[in-house]
Every structure is written in structure tokens, then in C-alpha cells.
>>> print(open('target_34.cif').read())   # mmCIF, N, CA and C atoms and all ligand atoms
data_start
loop_
_atom_site.label_atom_id
_atom_site.label_comp_id
_atom_site.auth_asym_id
_atom_site.auth_seq_id
_atom_site.Cartn_x
_atom_site.Cartn_y
_atom_site.Cartn_z
N MET A 1 99.22 89.76 123.09
CA MET A 1 98.89 91.14 123.36
C MET A 1 97.38 91.31 123.56
N LYS A 2 97.07 92.12 124.53
CA LYS A 2 95.66 92.48 124.71
C LYS A 2 95.53 93.98 124.51
N LEU A 3 94.53 94.37 123.74
CA LEU A 3 94.24 95.79 123.56
C LEU A 3 92.87 96.06 124.13
N LYS A 4 92.81 96.96 125.09
CA LYS A 4 91.51 97.33 125.67
C LYS A 4 91.26 98.81 125.37
N LEU A 5 90.08 99.07 124.89
CA LEU A 5 89.72 100.45 124.56
C LEU A 5 88.60 100.88 125.48
N ASN A 6 88.62 102.14 125.91
CA ASN A 6 87.43 102.57 126.62
C ASN A 6 86.33 102.79 125.58
N LYS A 7 85.10 102.75 126.04
CA LYS A 7 83.97 102.72 125.10
C LYS A 7 83.92 103.93 124.19
N GLY A 8 84.30 105.10 124.73
CA GLY A 8 84.29 106.32 123.91
C GLY A 8 85.28 106.23 122.77
N VAL A 9 86.43 105.64 123.04
CA VAL A 9 87.46 105.49 122.00
C VAL A 9 86.95 104.54 120.93
N ASP A 10 86.41 103.42 121.35
CA ASP A 10 85.90 102.43 120.40
C ASP A 10 84.81 103.05 119.52
N ALA A 11 83.90 103.79 120.15
CA ALA A 11 82.79 104.39 119.39
C ALA A 11 83.33 105.42 118.41
N ASP A 12 84.33 106.19 118.83
CA ASP A 12 84.82 107.25 117.95
C ASP A 12 85.56 106.69 116.74
N LEU A 13 86.37 105.66 116.95
CA LEU A 13 87.11 105.17 115.79
C LEU A 13 86.19 104.40 114.82
N ARG A 14 85.16 103.78 115.36
CA ARG A 14 84.18 103.13 114.47
C ARG A 14 83.39 104.18 113.69
N ALA A 15 83.05 105.29 114.35
CA ALA A 15 82.36 106.38 113.65
C ALA A 15 83.26 106.96 112.56
N HIS A 16 84.54 107.11 112.90
CA HIS A 16 85.51 107.63 111.93
C HIS A 16 85.57 106.72 110.70
N ALA A 17 85.61 105.42 110.94
CA ALA A 17 85.69 104.44 109.84
C ALA A 17 84.46 104.54 108.93
N LYS A 18 83.31 104.81 109.53
CA LYS A 18 82.08 104.91 108.73
C LYS A 18 82.05 106.23 107.96
N GLU A 19 82.54 107.30 108.59
CA GLU A 19 82.50 108.62 107.94
C GLU A 19 83.40 108.69 106.72
N THR A 20 84.54 108.01 106.77
CA THR A 20 85.48 108.11 105.64
C THR A 20 85.19 107.07 104.56
N TYR A 21 84.33 106.10 104.86
CA TYR A 21 83.97 105.06 103.87
C TYR A 21 83.53 105.73 102.57
N PRO A 22 83.96 105.29 101.37
CA PRO A 22 84.72 104.06 101.11
C PRO A 22 86.23 104.24 101.15
N HIS A 23 86.71 105.34 101.75
CA HIS A 23 88.15 105.48 101.93
C HIS A 23 88.55 104.93 103.29
N GLU A 24 89.84 104.64 103.40
CA GLU A 24 90.35 104.18 104.69
C GLU A 24 90.49 105.37 105.63
N CYS A 25 90.17 105.15 106.89
CA CYS A 25 90.48 106.16 107.90
C CYS A 25 91.73 105.69 108.63
N CYS A 26 92.36 106.60 109.36
CA CYS A 26 93.47 106.19 110.20
C CYS A 26 93.57 107.13 111.39
N GLY A 27 94.16 106.64 112.44
CA GLY A 27 94.30 107.45 113.65
C GLY A 27 95.18 106.74 114.65
N LEU A 28 95.36 107.40 115.78
CA LEU A 28 96.27 106.89 116.80
C LEU A 28 95.52 106.45 118.04
N LEU A 29 96.06 105.45 118.70
CA LEU A 29 95.55 104.99 120.00
C LEU A 29 96.55 105.45 121.05
N LEU A 30 96.06 106.19 122.02
CA LEU A 30 96.95 106.77 123.03
C LEU A 30 96.61 106.25 124.42
N GLY A 31 97.62 106.22 125.27
CA GLY A 31 97.42 105.78 126.65
C GLY A 31 98.76 105.69 127.34
N THR A 32 98.74 105.10 128.52
CA THR A 32 99.99 104.93 129.28
C THR A 32 100.82 103.81 128.65
N ILE A 33 102.08 104.11 128.42
CA ILE A 33 102.98 103.11 127.85
C ILE A 33 103.39 102.13 128.95
N PRO A 34 103.09 100.83 128.78
CA PRO A 34 103.45 99.87 129.84
C PRO A 34 104.95 99.58 129.84
N ASP A 35 105.45 99.06 130.97
CA ASP A 35 106.88 98.75 131.07
C ASP A 35 107.31 97.73 130.03
N ASN A 36 106.39 96.81 129.70
CA ASN A 36 106.75 95.75 128.74
C ASN A 36 106.26 96.07 127.33
N PHE A 37 106.25 97.35 126.98
CA PHE A 37 105.74 97.77 125.67
C PHE A 37 106.49 97.03 124.56
N GLY A 38 105.72 96.44 123.66
CA GLY A 38 106.31 95.69 122.55
C GLY A 38 106.34 94.20 122.80
N ASP A 39 106.17 93.80 124.08
CA ASP A 39 106.17 92.39 124.43
C ASP A 39 104.88 91.74 123.94
N LYS A 40 104.96 90.49 123.51
CA LYS A 40 103.74 89.86 123.00
C LYS A 40 102.71 89.61 124.09
N ASP A 41 103.14 89.68 125.35
CA ASP A 41 102.19 89.52 126.46
C ASP A 41 101.67 90.85 127.00
N GLN A 42 101.98 91.92 126.32
CA GLN A 42 101.58 93.23 126.85
C GLN A 42 100.06 93.42 126.83
N THR A 43 99.61 94.22 127.80
CA THR A 43 98.22 94.68 127.80
C THR A 43 98.25 96.19 127.60
N LEU A 44 97.59 96.64 126.57
CA LEU A 44 97.56 98.07 126.26
C LEU A 44 96.16 98.59 126.52
N ILE A 45 96.09 99.70 127.23
CA ILE A 45 94.79 100.31 127.50
C ILE A 45 94.74 101.68 126.84
N ALA A 46 93.96 101.77 125.78
CA ALA A 46 93.85 103.04 125.06
C ALA A 46 92.66 103.81 125.61
N ASP A 47 92.95 104.96 126.21
CA ASP A 47 91.87 105.78 126.79
C ASP A 47 91.62 107.04 125.96
N GLU A 48 92.33 107.14 124.85
CA GLU A 48 92.17 108.31 123.97
C GLU A 48 92.54 107.89 122.56
N SER A 49 91.82 108.43 121.60
CA SER A 49 92.22 108.21 120.21
C SER A 49 92.31 109.56 119.53
N ARG A 50 93.05 109.60 118.47
CA ARG A 50 93.19 110.86 117.75
C ARG A 50 93.04 110.59 116.26
N ARG A 51 92.06 111.23 115.67
CA ARG A 51 91.84 111.06 114.24
C ARG A 51 92.94 111.75 113.44
N LEU A 52 93.40 111.08 112.39
CA LEU A 52 94.38 111.69 111.50
C LEU A 52 93.81 111.69 110.09
N ASP A 53 94.34 112.58 109.27
CA ASP A 53 93.95 112.57 107.86
C ASP A 53 94.71 111.46 107.15
N ASN A 54 94.02 110.79 106.28
CA ASN A 54 94.68 109.83 105.40
C ASN A 54 95.27 110.64 104.25
N THR A 55 96.60 110.73 104.20
CA THR A 55 97.24 111.61 103.21
C THR A 55 97.65 110.86 101.94
N TRP A 56 97.20 109.62 101.84
CA TRP A 56 97.50 108.86 100.62
C TRP A 56 96.75 109.51 99.45
N GLU A 57 97.32 109.38 98.23
CA GLU A 57 96.68 109.96 97.05
C GLU A 57 95.27 109.38 96.88
N THR A 58 94.37 110.22 96.42
CA THR A 58 92.95 109.90 96.41
C THR A 58 92.60 108.58 95.72
N GLU A 59 93.22 108.29 94.60
CA GLU A 59 92.80 107.13 93.80
C GLU A 59 92.85 105.82 94.58
N THR A 60 93.79 105.71 95.50
CA THR A 60 93.94 104.43 96.19
C THR A 60 93.61 104.53 97.68
N LYS A 61 92.93 105.60 98.07
CA LYS A 61 92.61 105.78 99.49
C LYS A 61 91.68 104.71 100.03
N GLY A 62 91.03 103.98 99.12
CA GLY A 62 90.18 102.89 99.58
C GLY A 62 90.99 101.68 100.02
N ARG A 63 92.28 101.67 99.66
CA ARG A 63 93.10 100.50 99.94
C ARG A 63 94.37 100.83 100.72
N ARG A 64 94.61 102.09 100.99
CA ARG A 64 95.87 102.49 101.60
C ARG A 64 95.64 103.62 102.59
N TYR A 65 96.54 103.73 103.53
CA TYR A 65 96.53 104.93 104.34
C TYR A 65 97.96 105.36 104.58
N LYS A 66 98.12 106.64 104.84
CA LYS A 66 99.45 107.18 105.09
C LYS A 66 99.33 108.24 106.17
N ILE A 67 100.24 108.22 107.10
CA ILE A 67 100.27 109.19 108.19
C ILE A 67 101.52 110.03 108.02
N GLU A 68 101.35 111.33 108.08
CA GLU A 68 102.51 112.22 107.97
C GLU A 68 103.45 111.97 109.15
N SER A 69 104.75 111.82 108.85
CA SER A 69 105.68 111.47 109.92
C SER A 69 105.88 112.62 110.92
N ASN A 70 105.59 113.86 110.50
CA ASN A 70 105.79 114.95 111.46
C ASN A 70 104.80 114.89 112.63
N ILE A 71 103.72 114.12 112.47
CA ILE A 71 102.78 113.90 113.57
C ILE A 71 103.53 113.28 114.76
N PHE A 72 104.42 112.33 114.47
CA PHE A 72 105.11 111.62 115.55
C PHE A 72 106.12 112.53 116.24
N VAL A 73 106.71 113.44 115.48
CA VAL A 73 107.64 114.41 116.08
C VAL A 73 106.87 115.31 117.05
N LYS A 74 105.69 115.77 116.61
CA LYS A 74 104.86 116.62 117.47
C LYS A 74 104.44 115.89 118.74
N LEU A 75 104.05 114.62 118.57
CA LEU A 75 103.59 113.85 119.73
C LEU A 75 104.72 113.60 120.72
N GLU A 76 105.92 113.39 120.19
CA GLU A 76 107.06 113.18 121.08
C GLU A 76 107.23 114.38 122.01
N LYS A 77 107.06 115.57 121.44
CA LYS A 77 107.16 116.79 122.25
C LYS A 77 106.01 116.85 123.24
N GLU A 78 104.81 116.55 122.75
CA GLU A 78 103.63 116.64 123.61
C GLU A 78 103.75 115.71 124.82
N PHE A 79 104.30 114.52 124.60
CA PHE A 79 104.34 113.52 125.66
C PHE A 79 105.69 113.46 126.39
N ALA A 80 106.59 114.38 126.06
CA ALA A 80 107.91 114.36 126.69
C ALA A 80 107.77 114.43 128.21
N GLY A 81 108.44 113.54 128.91
CA GLY A 81 108.42 113.55 130.37
C GLY A 81 107.18 112.93 130.97
N SER A 82 106.28 112.42 130.14
CA SER A 82 105.07 111.77 130.67
C SER A 82 105.13 110.27 130.38
N THR A 83 104.24 109.52 131.02
CA THR A 83 104.22 108.07 130.77
C THR A 83 103.26 107.74 129.63
N ARG A 84 102.63 108.77 129.10
CA ARG A 84 101.67 108.55 128.01
C ARG A 84 102.37 108.59 126.66
N GLY A 85 101.74 107.96 125.70
CA GLY A 85 102.29 107.98 124.36
C GLY A 85 101.41 107.21 123.39
N VAL A 86 101.96 106.94 122.22
CA VAL A 86 101.23 106.23 121.18
C VAL A 86 101.35 104.72 121.44
N LEU A 87 100.19 104.07 121.62
CA LEU A 87 100.17 102.62 121.84
C LEU A 87 99.98 101.88 120.53
N GLY A 88 99.35 102.54 119.59
CA GLY A 88 99.07 101.84 118.34
C GLY A 88 98.41 102.74 117.33
N ILE A 89 98.08 102.12 116.21
CA ILE A 89 97.49 102.84 115.08
C ILE A 89 96.25 102.07 114.65
N TYR A 90 95.18 102.80 114.42
CA TYR A 90 94.00 102.12 113.87
C TYR A 90 93.77 102.58 112.45
N HIS A 91 93.20 101.70 111.65
CA HIS A 91 92.76 102.10 110.32
C HIS A 91 91.62 101.19 109.90
N SER A 92 90.92 101.61 108.86
CA SER A 92 89.77 100.82 108.42
C SER A 92 90.09 100.09 107.13
N HIS A 93 89.35 99.02 106.90
CA HIS A 93 89.42 98.29 105.63
C HIS A 93 88.04 98.32 104.99
N PRO A 94 87.83 99.27 104.09
CA PRO A 94 86.53 99.32 103.41
C PRO A 94 86.34 98.10 102.50
N ASN A 95 85.27 97.37 102.74
CA ASN A 95 84.91 96.19 101.93
C ASN A 95 85.95 95.08 101.97
N HIS A 96 86.76 95.06 103.01
CA HIS A 96 87.73 93.97 103.18
C HIS A 96 87.74 93.53 104.64
N ALA A 97 88.21 92.32 104.85
CA ALA A 97 88.27 91.78 106.20
C ALA A 97 89.31 92.54 107.04
N ALA A 98 89.22 92.37 108.33
CA ALA A 98 90.11 93.09 109.25
C ALA A 98 91.45 92.37 109.43
N TRP A 99 91.95 91.84 108.33
CA TRP A 99 93.25 91.17 108.32
C TRP A 99 94.25 92.10 107.66
N PRO A 100 95.48 92.15 108.16
CA PRO A 100 96.46 93.07 107.59
C PRO A 100 96.81 92.71 106.15
N SER A 101 97.01 93.72 105.34
CA SER A 101 97.41 93.52 103.95
C SER A 101 98.93 93.44 103.88
N PRO A 102 99.47 92.97 102.75
CA PRO A 102 100.94 92.99 102.58
C PRO A 102 101.49 94.40 102.74
N PHE A 103 100.71 95.40 102.31
CA PHE A 103 101.11 96.81 102.48
C PHE A 103 101.22 97.14 103.97
N ASP A 104 100.22 96.69 104.75
CA ASP A 104 100.26 96.94 106.20
C ASP A 104 101.52 96.33 106.82
N LEU A 105 101.86 95.13 106.38
CA LEU A 105 103.04 94.44 106.93
C LEU A 105 104.31 95.22 106.58
N ASP A 106 104.40 95.66 105.34
CA ASP A 106 105.59 96.41 104.90
C ASP A 106 105.78 97.70 105.69
N HIS A 107 104.67 98.28 106.15
CA HIS A 107 104.76 99.61 106.77
C HIS A 107 104.59 99.58 108.28
N ALA A 108 104.51 98.41 108.86
CA ALA A 108 104.28 98.32 110.31
C ALA A 108 105.57 98.54 111.09
N TRP A 109 105.40 99.14 112.26
CA TRP A 109 106.50 99.32 113.18
C TRP A 109 106.35 98.34 114.34
N PRO A 110 107.48 97.95 114.93
CA PRO A 110 107.40 97.05 116.09
C PRO A 110 106.69 97.74 117.27
N SER A 111 106.18 96.94 118.15
CA SER A 111 105.57 97.37 119.43
C SER A 111 104.15 97.91 119.31
N TYR A 112 103.83 98.59 118.24
CA TYR A 112 102.51 99.19 118.13
C TYR A 112 101.42 98.14 117.91
N ALA A 113 100.28 98.40 118.51
CA ALA A 113 99.09 97.60 118.23
C ALA A 113 98.45 98.16 116.96
N TYR A 114 98.18 97.29 116.02
CA TYR A 114 97.51 97.70 114.77
C TYR A 114 96.07 97.21 114.80
N LEU A 115 95.17 98.14 115.03
CA LEU A 115 93.75 97.80 115.09
C LEU A 115 93.14 98.07 113.72
N ILE A 116 92.49 97.05 113.18
CA ILE A 116 91.85 97.20 111.86
C ILE A 116 90.35 97.00 112.03
N ILE A 117 89.59 97.96 111.50
CA ILE A 117 88.13 97.88 111.53
C ILE A 117 87.65 97.61 110.12
N SER A 118 86.92 96.54 109.94
CA SER A 118 86.35 96.22 108.63
C SER A 118 85.01 96.94 108.49
N VAL A 119 84.85 97.65 107.36
CA VAL A 119 83.60 98.37 107.09
C VAL A 119 83.04 97.87 105.77
N ARG A 120 81.81 97.40 105.81
CA ARG A 120 81.18 96.93 104.57
C ARG A 120 79.87 97.68 104.37
N GLU A 121 79.72 98.19 103.17
CA GLU A 121 78.53 98.98 102.83
C GLU A 121 78.25 100.05 103.89
N GLY A 122 79.32 100.67 104.35
CA GLY A 122 79.17 101.80 105.26
C GLY A 122 78.91 101.42 106.71
N THR A 123 78.90 100.12 107.02
CA THR A 123 78.64 99.68 108.39
C THR A 123 79.87 98.99 108.96
N ASP A 124 80.26 99.38 110.17
CA ASP A 124 81.42 98.73 110.76
C ASP A 124 81.05 97.33 111.18
N ARG A 125 81.93 96.39 110.85
CA ARG A 125 81.67 94.99 111.18
C ARG A 125 82.63 94.54 112.27
N GLU A 126 83.71 93.91 111.88
CA GLU A 126 84.58 93.36 112.91
C GLU A 126 85.81 94.23 113.12
N GLY A 127 86.37 94.11 114.31
CA GLY A 127 87.64 94.74 114.61
C GLY A 127 88.62 93.67 115.06
N ARG A 128 89.84 93.74 114.55
CA ARG A 128 90.88 92.81 114.99
C ARG A 128 92.16 93.59 115.24
N VAL A 129 92.95 93.10 116.19
CA VAL A 129 94.18 93.82 116.51
C VAL A 129 95.39 92.91 116.25
N TRP A 130 96.46 93.52 115.79
CA TRP A 130 97.64 92.79 115.33
C TRP A 130 98.91 93.42 115.86
N LEU A 131 99.89 92.57 116.11
CA LEU A 131 101.21 93.02 116.56
C LEU A 131 102.24 92.39 115.62
N LEU A 132 103.21 93.17 115.20
CA LEU A 132 104.27 92.66 114.33
C LEU A 132 105.05 91.57 115.08
N SER A 133 105.35 90.48 114.38
CA SER A 133 106.11 89.39 115.03
C SER A 133 107.55 89.84 115.26
N GLU A 134 108.26 89.11 116.13
CA GLU A 134 109.63 89.50 116.48
C GLU A 134 110.54 89.56 115.25
N ASP A 135 110.32 88.62 114.30
CA ASP A 135 111.15 88.63 113.09
C ASP A 135 110.61 89.61 112.03
N ARG A 136 109.53 90.25 112.36
CA ARG A 136 108.91 91.28 111.50
C ARG A 136 108.39 90.75 110.17
N ASN A 137 108.24 89.44 110.08
CA ASN A 137 107.78 88.85 108.82
C ASN A 137 106.29 88.60 108.78
N SER A 138 105.62 88.78 109.90
CA SER A 138 104.18 88.50 109.93
C SER A 138 103.55 89.26 111.09
N PHE A 139 102.24 89.17 111.16
CA PHE A 139 101.51 89.74 112.28
C PHE A 139 100.98 88.62 113.17
N VAL A 140 100.94 88.88 114.45
CA VAL A 140 100.32 87.95 115.39
C VAL A 140 99.06 88.62 115.91
N GLU A 141 97.97 87.88 115.87
CA GLU A 141 96.71 88.50 116.31
C GLU A 141 96.66 88.59 117.83
N GLY A 142 96.13 89.69 118.31
CA GLY A 142 95.93 89.88 119.74
C GLY A 142 94.45 89.86 120.08
N GLU A 143 94.16 90.13 121.34
CA GLU A 143 92.75 90.19 121.78
C GLU A 143 92.34 91.64 121.90
N TYR A 144 91.17 91.92 121.39
CA TYR A 144 90.67 93.29 121.39
C TYR A 144 89.34 93.31 122.13
N SER A 145 89.25 94.19 123.12
CA SER A 145 87.99 94.27 123.85
C SER A 145 87.78 95.70 124.35
N CYS A 146 86.57 95.95 124.81
CA CYS A 146 86.26 97.28 125.35
C CYS A 146 86.20 97.20 126.86
N LEU A 147 86.55 98.28 127.49
CA LEU A 147 86.48 98.34 128.96
C LEU A 147 85.05 98.65 129.39
ZN ZN B 1 95.29 97.91 106.05
#
>>> encode(input="target_34.cif", output="C-alpha cells", more="lines below")
Ligand SMILES: [Zn+2]
Amino acid sequence: MKLKLNKGVDADLRAHAKETYPHECCGLLLGTIPDNFGDKDQTLIADESRRLDNTWETETKGRRYKIESNIFVKLEKEFAGSTRGVLGIYHSHPNHAAWPSPFDLDHAWPSYAYLIISVREGTDREGRVWLLSEDRNSFVEGEYSCL
């Protein structure tokens, strides 16, 4: 999988990750859904991102994120009849590497690109993107770049 972000999207989600530090941020990556969506060879181009509130309880917000499921119901309506939709989900890892946690694996959905931004001492460091494997037991790393 290749995930390409336009520069504005990349800048905004990195800014979001820094603003919420030391809590995790989360949000959506939006763009045109490709015909081979979910395929490990897919190329996803995110031209829009949408910040979401991390609704996880405060004590563990540094290690967890949660997205209200009604967001997806609203988006389905918004994108009905269009080729656009949710390509993936981004979130930050404050003071941790951009590798998915066991929690991330348990809560991941197929097809979506999971972009993780590592933030240390308030500065964004690396970004890595992950796709759930076909057997759903692990993540496969993809390529992440900016347009
Ligand atoms: Zn995570």
C-alpha cells in the first residue's frame, strides 16, 4: 500500500499531533476511494483530513484514542453517491514509536490506512502507515509520502 498526502493534509495532522501532546490525537484521511480499496497494492491519495476529538477517558488519553462511531454514519450520508470517502485514520503516539500497539491491532478495520505520527517532547518525528493483514493478525507497513 502507498499512502500519499497532499502537503496541507500532512502539515495539519502533524500540527494536530503537536497540539494534543501529551495526549493522542486522531482524525480521518479522506479522498477518492480507489477501485482496489483494501488491496495491499492500493495507492491512496488523501487530499483532505478531518480532525476528531479523542473521546477516550482522560487518564489514558496518552496511550489510547477512540472515535465516536456516529461519525462514520454521518460521513456515509455526506459521501453518499460520491466516489469520495474515508481512506484511513491517523493518530499520534506521544513518546512512542510510530508502530501500532496491540490496542491498535485489536481495534483496526480492514482496508483503512492507519497513519501513526510519533511525537516526542512535543515535536513530531516519524510517520509510518500500516494496513491490516488479510488474516487480521498483524499490520503490514506501507509507504507514506507527500505529494
Ligand atoms: Zn496507536
>>> residues_around(input="target_34.cif", residues="stretch 82-95 of chain A", least_positions_apart="4", cutoff="6 Å", atoms="only N, CA and C atoms", output="JSON, numbers by chain")
{"A": [17, 22, 23, 24, 25, 26, 27, 28, 29, 30, 31, 32, 33, 62, 111, 112, 113, 114, 115, 116, 117, 118, 119, 120, 121]}
>>> write_last_selection(input="target_34.cif", atoms="N, CA and C atoms", output="compact mmCIF listing (two decimals), in the coordinates of the input")
# COMPACT_ATOMS: atom_id res chain seq x y z
N ALA A 17 85.61 105.42 110.94
CA ALA A 17 85.69 104.44 109.84
C ALA A 17 84.46 104.54 108.93
N PRO A 22 83.96 105.29 101.37
CA PRO A 22 84.72 104.06 101.11
C PRO A 22 86.23 104.24 101.15
N HIS A 23 86.71 105.34 101.75
CA HIS A 23 88.15 105.48 101.93
C HIS A 23 88.55 104.93 103.29
N GLU A 24 89.84 104.64 103.40
CA GLU A 24 90.35 104.18 104.69
C GLU A 24 90.49 105.37 105.63
N CYS A 25 90.17 105.15 106.89
CA CYS A 25 90.48 106.16 107.90
C CYS A 25 91.73 105.69 108.63
N CYS A 26 92.36 106.60 109.36
CA CYS A 26 93.47 106.19 110.20
C CYS A 26 93.57 107.13 111.39
N GLY A 27 94.16 106.64 112.44
CA GLY A 27 94.30 107.45 113.65
C GLY A 27 95.18 106.74 114.65
N LEU A 28 95.36 107.40 115.78
CA LEU A 28 96.27 106.89 116.80
C LEU A 28 95.52 106.45 118.04
N LEU A 29 96.06 105.45 118.70
CA LEU A 29 95.55 104.99 120.00
C LEU A 29 96.55 105.45 121.05
N LEU A 30 96.06 106.19 122.02
CA LEU A 30 96.95 106.77 123.03
C LEU A 30 96.61 106.25 124.42
N GLY A 31 97.62 106.22 125.27
CA GLY A 31 97.42 105.78 126.65
C GLY A 31 98.76 105.69 127.34
N THR A 32 98.74 105.10 128.52
CA THR A 32 99.99 104.93 129.28
C THR A 32 100.82 103.81 128.65
N ILE A 33 102.08 104.11 128.42
CA ILE A 33 102.98 103.11 127.85
C ILE A 33 103.39 102.13 128.95
N GLY A 62 91.03 103.98 99.12
CA GLY A 62 90.18 102.89 99.58
C GLY A 62 90.99 101.68 100.02
N SER A 111 106.18 96.94 118.15
CA SER A 111 105.57 97.37 119.43
C SER A 111 104.15 97.91 119.31
N TYR A 112 103.83 98.59 118.24
CA TYR A 112 102.51 99.19 118.13
C TYR A 112 101.42 98.14 117.91
N ALA A 113 100.28 98.40 118.51
CA ALA A 113 99.09 97.60 118.23
C ALA A 113 98.45 98.16 116.96
N TYR A 114 98.18 97.29 116.02
CA TYR A 114 97.51 97.70 114.77
C TYR A 114 96.07 97.21 114.80
N LEU A 115 95.17 98.14 115.03
CA LEU A 115 93.75 97.80 115.09
C LEU A 115 93.14 98.07 113.72
N ILE A 116 92.49 97.05 113.18
CA ILE A 116 91.85 97.20 111.86
C ILE A 116 90.35 97.00 112.03
N ILE A 117 89.59 97.96 111.50
CA ILE A 117 88.13 97.88 111.53
C ILE A 117 87.65 97.61 110.12
N SER A 118 86.92 96.54 109.94
CA SER A 118 86.35 96.22 108.63
C SER A 118 85.01 96.94 108.49
N VAL A 119 84.85 97.65 107.36
CA VAL A 119 83.60 98.37 107.09
C VAL A 119 83.04 97.87 105.77
N ARG A 120 81.81 97.40 105.81
CA ARG A 120 81.18 96.93 104.57
C ARG A 120 79.87 97.68 104.37
N GLU A 121 79.72 98.19 103.17
CA GLU A 121 78.53 98.98 102.83
C GLU A 121 78.25 100.05 103.89
>>> axis_aligned_box(input="target_34.cif", around="stretch 114-128 of chain A", padding_each_side="8 Å", output="JSON")
{"center_x": 88.2, "center_y": 97.3, "center_z": 109.4, "size_x": 35.9, "size_y": 25.0, "size_z": 29.2}
>>> select_by_dssp(input="target_34.cif", residues="chain A", states="strand (DSSP E)", output="ChimeraX atom specification")
/A:2-5,26-32,43-46,48-52,84-94,113-120,123-132,139-146
>>> residues_around(input="target_34.cif", residues="A:His107", least_positions_apart="6", cutoff="12 Å", atoms="only C-alpha atoms", output="ChimeraX atom specification")
/A:64-67,89,100-101,114,132,136-139
>>> closest_residue(input="target_34.cif", among="A:Ala108, A:Arg63, A:Asn70, A:Leu75", to="ligand ZN 1 (chain B)", atoms="all atoms listed in the file")
A:Arg63
>>> atom_distance(input="target_34.cif", atom1="atom N of A:Glu68", atom2="atom CA of A:Trp109")
14.0 Å
>>> atom_distance(input="target_34.cif", atom1="atom C of A:Ala15", atom2="atom C of A:Asn54")
15.1 Å
>>> select_by_dssp(input="target_34.cif", residues="chain A", states="helix (DSSP H, G or I)", output="PyMOL selection string")
chain A and resi 7-20+58-60+70-78+102-107
>>> atom_distance(input="target_34.cif", atom1="atom N of A:Arg50", atom2="atom N of A:Asp35")
20.5 Å
>>> closest_residue(input="target_34.cif", among="A:Glu19, A:Asp124, A:Asp106, A:Glu141", to="ligand ZN 1 (chain B)", atoms="only C-alpha atoms and all ligand atoms")
A:Asp106
>>> closest_residue(input="target_34.cif", among="A:Glu143, A:Ile45, A:Arg125, A:Leu131", to="A:Lys18", atoms="only C-alpha atoms")
A:Arg125
>>> closest_residue(input="target_34.cif", among="A:Ala98, A:Cys146, A:Leu5, A:Ala80", to="ligand ZN 1 (chain B)", atoms="only C-alpha atoms and all ligand atoms")
A:Ala98
>>> closest_residue(input="target_34.cif", among="A:Gly127, A:Arg14, A:Asp104, A:Glu48", to="ligand ZN 1 (chain B)", atoms="all atoms listed in the file")
A:Asp104
>>> closest_residue(input="target_34.cif", among="A:Gly38, A:Leu13, A:Phe103, A:Tyr144", to="ligand ZN 1 (chain B)", atoms="only N, CA and C atoms and all ligand atoms")
A:Phe103
>>> decode(input="target_34.cif", residues="stretch 43-92 of chain A", atoms="C-alpha atoms", output="mmCIF file, in the first residue's frame")
data_model
loop_
_atom_site.group_PDB
_atom_site.id
_atom_site.type_symbol
_atom_site.label_atom_id
_atom_site.label_comp_id
_atom_site.auth_asym_id
_atom_site.auth_seq_id
_atom_site.Cartn_x
_atom_site.Cartn_y
_atom_site.Cartn_z
ATOM 1 C CA THR A 43 -2.409 3.635 -3.691
ATOM 2 C CA LEU A 44 -4.415 6.016 -1.555
ATOM 3 C CA ILE A 45 -4.296 9.750 -2.098
ATOM 4 C CA ALA A 46 -5.582 11.740 0.851
ATOM 5 C CA ASP A 47 -6.392 15.304 -0.179
ATOM 6 C CA GLU A 48 -8.335 16.177 2.965
ATOM 7 C CA SER A 49 -8.107 15.359 6.637
ATOM 8 C CA ARG A 50 -10.604 15.884 9.368
ATOM 9 C CA ARG A 51 -9.679 16.337 12.997
ATOM 10 C CA LEU A 52 -11.704 14.341 15.501
ATOM 11 C CA ASP A 53 -11.888 14.532 19.260
ATOM 12 C CA ASN A 54 -10.222 11.749 21.146
ATOM 13 C CA THR A 55 -13.133 10.594 23.297
ATOM 14 C CA TRP A 56 -11.138 8.126 25.356
ATOM 15 C CA GLU A 57 -11.228 8.754 29.128
ATOM 16 C CA THR A 58 -8.671 11.342 30.157
ATOM 17 C CA GLU A 59 -6.376 9.166 32.278
ATOM 18 C CA THR A 60 -5.244 7.031 29.366
ATOM 19 C CA LYS A 61 -5.531 9.524 26.501
ATOM 20 C CA GLY A 62 -1.761 9.462 26.199
ATOM 21 C CA ARG A 63 -1.950 5.828 25.130
ATOM 22 C CA ARG A 64 -5.356 5.391 23.531
ATOM 23 C CA TYR A 65 -7.748 7.013 21.167
ATOM 24 C CA LYS A 66 -11.399 6.455 20.482
ATOM 25 C CA ILE A 67 -13.598 7.746 17.682
ATOM 26 C CA GLU A 68 -17.342 8.012 18.146
ATOM 27 C CA SER A 69 -18.986 5.557 15.760
ATOM 28 C CA ASN A 70 -21.731 8.026 14.810
ATOM 29 C CA ILE A 71 -19.044 9.973 12.902
ATOM 30 C CA PHE A 72 -18.998 7.162 10.338
ATOM 31 C CA VAL A 73 -22.780 7.200 9.993
ATOM 32 C CA LYS A 74 -22.655 10.950 9.303
ATOM 33 C CA LEU A 75 -19.856 10.524 6.775
ATOM 34 C CA GLU A 76 -21.733 7.796 4.951
ATOM 35 C CA LYS A 77 -24.543 10.276 4.394
ATOM 36 C CA GLU A 78 -22.146 13.049 3.420
ATOM 37 C CA PHE A 79 -20.401 10.902 0.818
ATOM 38 C CA ALA A 80 -23.458 9.002 -0.446
ATOM 39 C CA GLY A 81 -23.377 8.813 -4.238
ATOM 40 C CA SER A 82 -19.838 10.190 -4.457
ATOM 41 C CA THR A 83 -16.525 8.442 -5.072
ATOM 42 C CA ARG A 84 -15.042 10.099 -2.008
ATOM 43 C CA GLY A 85 -14.852 8.573 1.416
ATOM 44 C CA VAL A 86 -12.677 7.616 4.355
ATOM 45 C CA LEU A 87 -9.321 6.193 3.239
ATOM 46 C CA GLY A 88 -7.833 5.827 6.655
ATOM 47 C CA ILE A 89 -7.362 7.007 10.193
ATOM 48 C CA TYR A 90 -4.444 8.890 11.645
ATOM 49 C CA HIS A 91 -3.428 9.115 15.263
ATOM 50 C CA SER A 92 -0.389 10.126 17.243
#
